[in-house]
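Participant: Can you read through this structure? Questions will come right after.
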Amino acid sequence: MKFTLITVGLLSSLFFTAQSKQDSTQLKDIEEVQLIGRKPTVESKVDRTVFNVANSSILSGNSTWDVLRMTPLVSIDSDDVVKSEGQSVTVYINDRKSIFTGKDLKEYLNTIPADNLMKIEVITSPSSKYETTGQVINIVLKKLENEGIKGSASFTNDQATKNSQRSNLNINYHKKNFTQNLTAGYSDNTNFYKTDAEYLFYDSNKVELSNSETVSLSRSPSVSSTSEIEINEKNNVGLIFDYRTSKRFTDSNSYGSSSLNGQLQNSFTKTQHSVGDYENLGANLFYKFYDKVKNKILDVNVGINYSGADDYSEQLSNRYEINAAEGNRILSDKKNRDYYFKVDYSQPVGEKSQLEFGGKTNFKNNVIPYEYFNLVDDQWTYDQSRNNDFQYTDNLNSLYINFSSTYFKKLETRIGLRFEHISYKIRQDVGNVERTRSASTFLPDLLLKYAISDNYSLSATYNHSIWRPYFSEFNPFLLPGDDGVFYRGNLDLQANPSDRFGLKLGIKKKYFLSANYFVSNHDYWTSYVVEGDKTIRMPTNFDGRIERISGNFSTNQSFLNNKLSVNLNVGVEYSDSSDFNAKNGLKNDSYITNISGSTNLSYTNLFGKNINLNAWVGVYSQNNGNFVSNGQNVFHNLSATKIFPALKMEATVRLNNFIVKPNFDNTTYTPIGQFRNNFASDWYGVSFSLVKRFGNQKVKENTKTNVEKDSGGAK
């Protein structure tokens with residue numbers, strides 16, 4: 001608590017100090033120079049890769065989630081976890097950290113039409129300003145500042161195994177010093193997927209097999225609002241509000257069996273039905289001070305994020321060897337609250353240097369109560385011994401400083417240091433268990449870039465990161481799965497520190513070669529344990545050194561008078577897990593080579609008929625710790641968009657994964673056995689989209705000063 005008060009005091013002092021100085025500078029009239037020009041689709045910078053998608057044929061009929069999947073260096077696994085270069089990332093939207101992760105992030109980004117996108121930045125070497133545990137993906141939305149009302153309405157129908165629809169309405173209003181953006185959406189999605197599992201236990205040579213089919217329905221309305229007032233040329237205030245609710249229905253049928261030395265031991269069938277009501281609400285009040293003359297930026301943010309889930313799950317099973325019906329019913333009412341206060345400040349130091357510093361204080365309070373019922377003689381019986389009330393609270397305080405400078409007109413440098421202190425408490429009713437912990441860590445980063453000539457540049461980066469467990473990964477409540485395997489969290493999970501070094505060579509500003517080295521000595525991954533007749537999946541701490549060396553080549557080319565744009569990204573990674581495997585008794589390969597890549601081709605105005613074509617192919621494999629992919633994941637789509645200028649309308653037809661259907665096949669190696677899961681989803685089919693625009697759609701050109709002003713966001 002003492003450290004929290006110190007942090008708040010420092011942040012408040014920073015705010016009032018900047019305010020007291022804002023009127024001490026005489027104003028000078030300066031002429032803004034318009035920087036107008038068409039950017040390449042993909043830009044490779046020293047610390048990030050930028051996917052410029054504004055006004056691209058990629059956007060038509062897609063959601064922001066769809067475009068994110070096509071972004072270079074980005075891959076998404078079967079659990080909808082977003083990764084960059086195979087590593088988990090932190091997602092920001094307009095330089096503000098998103099409250100959503102995993103499937104919640106997918107649903108939220110599906111409510112934002114890609115038509116709103118300006119660019120997606122994959123920041124592989126983030127500065128200490130970012131509150132992150134690794135790499136960063138920053139999704140930047142368009143900023144419309146033309147007078148009056150403008151916007152768009154979009155309608156999309158997806159036909160895969162089942163049929164899904166989504167619609168969105170976007171309205172922008174700008175009048176003098178006031179800007180209002182409003183986005184509303186509704187989706188009605190039905191998804192189908194199949195899972196096959198094969199588990200081998202070393203000690204007994206037992207084999208467990210299971211397969212399941214699941215149909216999931218979700219109906220999700222959402223609304224997002226941003227209001228901003230320019231008080232004067234130096235001061236802006238605004239309010240961001242997001243609300244989304246969802247009703248989900250899931251039905252699953254599965255069959256499983258167990259055999260020993262080839263002899264069938266037992267088998268079961270299982271049905272599971274789940275219903276959930278979910279809510280997400282976020283509010284962010286911000287103030288921004290910007291002095292154009294001295295290029296000073298102060299950004300203050302205070303906000304709250306709330307999410308709730310009212311879940312009902314009922315599971316019925318029949319074990320043939322004893323001819324007995326079993327069942328359980330679980331009710332939960334989750335409440336997650338997040339409060340924060342953040343200040344960022346930057347200013348020049350001399351003519352060639354920049355200083356930025358700031359900090360954040362954050363409080364979380366997450367509660368998950370469970371009520372458990374057993375099926376006894378065809379009656380649901382309340383089981384007091386299995387009920388549980390899980391609570392997680394934490395306070396994370398951070399301070400950071402960055403210093404950037406240029407030497408000899410050729411050497412660009414950035415050095416940063418972030419300090420984080422976290423204290424958290426975990427409590428559960430069952431067993432009356434409580435854990436209280438605290439930890440402090442320093443996270444340095446370094447960036448160097450040397451311009452060898454106008455056509456060649458060489459850069460080097462270093463980042464020290466720490467990955468902390470998500471609160472639900474601590475939750476020890478035993479949850480049954482539809483495949484016969486149970487899941488629970490682990491109260492003893494520890495954070496994972498890692499180091500990353502990078503080199504990048506730029507050639508003629510078109511070709512980029514990069515090499516990276518990643519090392520970690522401790523991590524936590526999914527493992528399995530056996531307790532009685534239950535197989536339990538849970539996150540587990542692992543010690544041991546893992547090293548990865550990777551190389552990457554990327555280029556962006558334009559042909560046929562800039563009508564054809566081609567982006568190519570190819571990477572290879574070599575992983576050495578020999579020490580990790582030896583210390584944890586794992587029997588998987590110690591040395592693994594992965595090849596991944598993506599290409600995006602866009603053709604504009606085919607035959608002069610306002611027809612745009614786009615094709616994308618991505619190939620990825622994901623191997624992390626004791627989790628190994630058994631093959632490459634191949635994704636692809638092909639789309640054609642017809643533009644009707646007079647009607648301000650666009651119609652798009654898209655074929656998704658029409659040659660090879662997506663399939664995730666992986667094996668998890670543990671000390672007690674190896675567990676293979678094959679997940680096949682319905683991420684294939686055909687979709688049709690219609691977009692209607694109204695008002696003046698021109699995006700205000702960014703001047704140099706506007707770019708500087710917008711770059712001071714709440715990172």
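In the structure tokens, chains take letters A, B, ... by order of appearance, with residues numbered from 1 within each chain and ligands from 1 in the order shown.
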Residues at most 10 Å from segment 529-531 of chain A, counting only C-alpha atoms, excluding those fewer than 3 positions away in the same chain, as a ChimeraX atom specification?
Facilitator: /A:201,485-486,534-538,540,670-673
Participant: Kindly save the residues from that selection, with C-alpha atoms included, as a PDB file, in the first residue's frame.
Facilitator:
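Contents of the output file selection09.pdb:
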```pdb
ATOM      1  CA  PHE A 201       0.326 -43.152 -20.132  1.00  0.00           C
ATOM      2  CA  VAL A 485     -10.745 -34.871 -18.981  1.00  0.00           C
ATOM      3  CA  PHE A 486     -11.042 -32.414 -16.107  1.00  0.00           C
ATOM      4  CA  LYS A 534      -9.602 -38.705 -13.194  1.00  0.00           C
ATOM      5  CA  THR A 535      -7.202 -37.313 -15.790  1.00  0.00           C
ATOM      6  CA  ILE A 536      -6.687 -33.631 -15.027  1.00  0.00           C
ATOM      7  CA  ARG A 537      -5.283 -30.928 -17.306  1.00  0.00           C
ATOM      8  CA  MET A 538      -3.635 -28.021 -15.464  1.00  0.00           C
ATOM      9  CA  THR A 540       2.340 -26.423 -14.255  1.00  0.00           C
ATOM     10  CA  THR A 670       4.515 -34.567 -19.783  1.00  0.00           C
ATOM     11  CA  PRO A 671       6.438 -36.732 -17.286  1.00  0.00           C
ATOM     12  CA  ILE A 672       3.491 -39.180 -17.059  1.00  0.00           C
ATOM     13  CA  GLY A 673       2.668 -39.489 -20.759  1.00  0.00           C
TER      14      GLY A 673
END
```
Participant: When you look at segment 640-647 of chain A with a cut-off of 8 Å (counting only C-alpha atoms), what residues show up, excluding the ones that are within fewer than 6 positions of it in the same chain? I need them as a PyMOL selection string.
Facilitator: chain A and resi 57+60+610-614+653-654+692
Participant: Within 8 Å of Ser222 of chain A, counting only C-alpha atoms, which residues show up once you throw out same-chain ones fewer than 2 positions away? Write them as a list in words, please.
Facilitator: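 In the requested form, the answer reads Thr111, Ala184, Gly185, Tyr186, Ser220, Ser224, Asp242, Tyr243, Arg244 and Thr245 of chain A.
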Participant: Counting only C-alpha atoms, which of A:Phe477, A:Tyr400, A:Phe178, A:Tyr340 gets nearest to Ile99 of chain A?
Facilitator: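 Selected residue with least distance to Ile99 of chain A: A:Tyr340.
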Participant: Select, from A:Asp499, A:Glu314, A:Glu547, A:Glu228, the residue with the minimum atom-to-atom distance to Asn181 of chain A, counting only C-alpha atoms.
Facilitator: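 Of all the options, A:Glu228 lies closest to Asn181 of chain A.
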Participant: Just want the 7 Å neighbourhood of segment 143-160 of chain A, counted on only C-alpha atoms, with same-chain residues fewer than 3 positions away dropped. Output as a short mmCIF file (atom, residue, chain, number, x, y, z; two decimals) with C-alpha atoms, in the first residue's frame.
Facilitator:
```
data_model
loop_
_atom_site.label_atom_id
_atom_site.label_comp_id
_atom_site.auth_asym_id
_atom_site.auth_seq_id
_atom_site.Cartn_x
_atom_site.Cartn_y
_atom_site.Cartn_z
CA GLY A 61 -16.53 -7.21 -45.89
CA ASN A 163 -24.75 -20.21 -41.13
CA SER A 164 -23.73 -16.98 -39.33
CA GLN A 165 -24.51 -13.30 -39.78
CA ARG A 166 -23.21 -10.01 -38.49
CA SER A 167 -24.10 -6.37 -39.07
CA ASN A 168 -22.51 -3.10 -38.01
CA LEU A 169 -23.36 0.60 -38.05
CA ASN A 170 -20.66 3.28 -37.79
CA ILE A 171 -21.44 6.96 -37.35
CA ASN A 172 -18.95 9.83 -37.08
CA TYR A 173 -19.91 13.41 -36.30
CA HIS A 174 -17.47 16.32 -36.29
CA LYS A 175 -18.34 19.95 -35.69
CA ASP A 682 -15.39 -24.91 -39.61
CA TYR A 684 -13.97 -22.55 -44.18
CA GLY A 685 -16.78 -21.78 -46.61
CA VAL A 686 -18.05 -18.73 -48.45
CA SER A 687 -19.14 -15.30 -47.23
CA PHE A 688 -20.97 -12.39 -48.81
CA SER A 689 -20.76 -8.79 -47.57
CA LEU A 690 -22.49 -5.57 -48.47
CA VAL A 691 -21.24 -2.15 -47.32
CA LYS A 692 -23.15 1.13 -47.68
CA ARG A 693 -21.35 4.40 -46.97
CA PHE A 694 -22.76 7.86 -46.42
CA GLY A 695 -21.32 11.34 -45.88
CA ASN A 696 -17.77 12.53 -46.62
CA GLN A 697 -15.50 9.51 -46.15
CA VAL A 699 -9.70 10.68 -43.87
CA LYS A 700 -7.96 13.83 -42.68
#
```
Participant: Give me the residues within 8 Å of segment 296-306 of chain A as a PDB file with C-alpha atoms, in the first residue's frame, counting only C-alpha atoms and dropping any in the same chain fewer than 2 places off.
Facilitator:
```pdb
ATOM      1  CA  PHE A  15       0.353  15.968 -13.915  1.00  0.00           C
ATOM      2  CA  ALA A  18       3.191  19.783 -16.553  1.00  0.00           C
ATOM      3  CA  ILE A  99      -9.301  -5.549 -21.695  1.00  0.00           C
ATOM      4  CA  GLU A 279     -21.157  -8.717 -20.191  1.00  0.00           C
ATOM      5  CA  ASN A 280     -18.153  -6.482 -20.813  1.00  0.00           C
ATOM      6  CA  LEU A 281     -18.053  -2.788 -20.010  1.00  0.00           C
ATOM      7  CA  GLY A 282     -15.152  -0.383 -20.211  1.00  0.00           C
ATOM      8  CA  ALA A 283     -14.904   3.376 -19.651  1.00  0.00           C
ATOM      9  CA  ASN A 284     -11.823   5.543 -20.099  1.00  0.00           C
ATOM     10  CA  LEU A 285     -11.714   9.269 -19.330  1.00  0.00           C
ATOM     11  CA  PHE A 286      -8.644  10.918 -20.834  1.00  0.00           C
ATOM     12  CA  TYR A 287      -6.975  14.307 -20.979  1.00  0.00           C
ATOM     13  CA  LYS A 288      -4.226  15.231 -23.447  1.00  0.00           C
ATOM     14  CA  PHE A 289      -2.022  18.314 -23.409  1.00  0.00           C
ATOM     15  CA  TYR A 290       0.092  19.004 -26.505  1.00  0.00           C
ATOM     16  CA  ASP A 291       2.419  21.947 -27.035  1.00  0.00           C
ATOM     17  CA  LYS A 292       3.234  22.120 -30.749  1.00  0.00           C
ATOM     18  CA  LYS A 294       7.975  22.649 -27.683  1.00  0.00           C
ATOM     19  CA  GLY A 308     -19.334 -10.622 -15.773  1.00  0.00           C
ATOM     20  CA  LYS A 335     -17.436 -10.743 -11.535  1.00  0.00           C
ATOM     21  CA  ASN A 336     -14.181  -9.124 -12.686  1.00  0.00           C
ATOM     22  CA  ARG A 337     -13.327  -5.478 -11.976  1.00  0.00           C
ATOM     23  CA  ASP A 338     -10.284  -3.495 -13.052  1.00  0.00           C
ATOM     24  CA  TYR A 339      -9.510   0.120 -12.003  1.00  0.00           C
ATOM     25  CA  TYR A 340      -6.537   2.159 -13.217  1.00  0.00           C
ATOM     26  CA  PHE A 341      -4.894   5.591 -13.294  1.00  0.00           C
ATOM     27  CA  LYS A 342      -2.115   6.338 -15.797  1.00  0.00           C
ATOM     28  CA  VAL A 343       0.081   9.304 -16.745  1.00  0.00           C
ATOM     29  CA  ASP A 344       2.499   9.601 -19.712  1.00  0.00           C
ATOM     30  CA  TYR A 345       4.721  12.582 -20.499  1.00  0.00           C
ATOM     31  CA  SER A 346       7.271  13.291 -23.255  1.00  0.00           C
ATOM     32  CA  GLN A 347       9.368  16.244 -24.380  1.00  0.00           C
ATOM     33  CA  PRO A 348      12.499  16.981 -26.450  1.00  0.00           C
ATOM     34  CA  LYS A 709       0.243  14.505 -31.055  1.00  0.00           C
ATOM     35  CA  GLY A 712       1.426  10.180 -27.050  1.00  0.00           C
ATOM     36  CA  GLY A 713      -1.363   7.747 -26.271  1.00  0.00           C
ATOM     37  CA  ALA A 714      -1.955   5.713 -23.128  1.00  0.00           C
TER      38      ALA A 714
END
```
Participant: Leaving out Tyr620 of chain A and any residue of its chain fewer than 4 positions from it, which residues lie within 7 Å of it when counting only C-alpha atoms, given as an MDAnalysis selection string?
Facilitator: chainID A and resid 75 596:597 632:634
